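Asks: Sharing a structure here in structure tokens format.
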Amino acid sequence: MTRTDTPPAWDERTQLTTFLTYVRATARAKCEELSDEDAVKAILPGSPLMTLSGLINHLRWVEYYWFRVVFLGEPDEGPWTDEDPDREMRIAVDIPLSRLLAEYAEEAARHDELVAAHDLDTKARMKRSDGSAVDLRWILLHLIEETARHNGHIDILREQIDGRTGD
């Protein structure tokens, strides 16, 4: 698959979904040819949970949370708990990277279908603390920002692990 941030059309939906697809694909590309052993290395002394596996799992579960829990109002069945709010990053070190990447891709495909079926102005079912609700457009923008930010983290980790840059 060729990654591109250039949309095939210039309407708002296509631009937003193209960018989300692009940053997702970038996260996956940064993990290519990486061993499971390297994927679980926590090399930043102040961030023991920051591993490539942890970040991929985090991105997967962040999408789940925003699309399924916030937008659709489904029960939150994520791996986190009150006692361990970062559990999705902690448990990732026990899961092969290929499985994490596959689960991330599967979740993304489900969310792409969800986005295609709803208007960008559709409000999320879960309300914010002030009683307002974000819309689907905001969720897409937030996920683009979140994924792009973590791609920077992934890039730093990958460079520290084996010197690979770019992608």
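Chain labels run A, B, ... following the order of the structure tokens; each chain numbers its residues from 1, and ligands are numbered from 1 in the order shown.
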Could you give me, as a list in words, the residues within 9 Å of Leu157 (chain A), counting only C-alpha atoms and dropping anything in the same chain fewer than 2 positions from it?

Replies: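 So the residues in contact are Lys41, Ala42, Ile43, Leu44, Met50, Thr51, Leu52, Gly152, His153, Ile154, Asp155, Glu159, Gln160, Ile161 and Asp162 of chain A.
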
Asks: Give me every alpha helix (DSSP H) residue in chain A, going by DSSP on the backbone, as an NGL selection string.

Replies: :A and (12-29 or 36-39 or 52-64 or 87-91 or 97-116 or 136-162)

Asks: Find the residue from A:Gly46, A:Gly166, A:Gly73, A:Gly54 that sits nearest to Tyr104 (chain A); use only C-alpha atoms when measuring.

Replies: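 Among the listed residues, the smallest separation from Tyr104 (chain A) belongs to A:Gly54.
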
Asks: Can you work out which one of A:Arg90, A:Cys31, A:Glu107, A:Val23 has the shortest atom-to-atom distance to His150 (chain A), counting only C-alpha atoms?

Replies: A:Val23

Asks: Which of these, A:Glu88, A:Tyr64, A:Ile95, A:Trp80, has the shortest distance to Leu114 (chain A) once you count only C-alpha atoms?

Replies: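 With only C-alpha atoms as the atom set, the closest residue is A:Tyr64.
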
Asks: Under the rule that only C-alpha atoms are counted, which of A:Arg13, A:Arg3, A:His118, A:Arg149 is the nearest residue to Leu59 (chain A)?

Replies: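 Under the stated criterion, the closest residue is A:Arg149.
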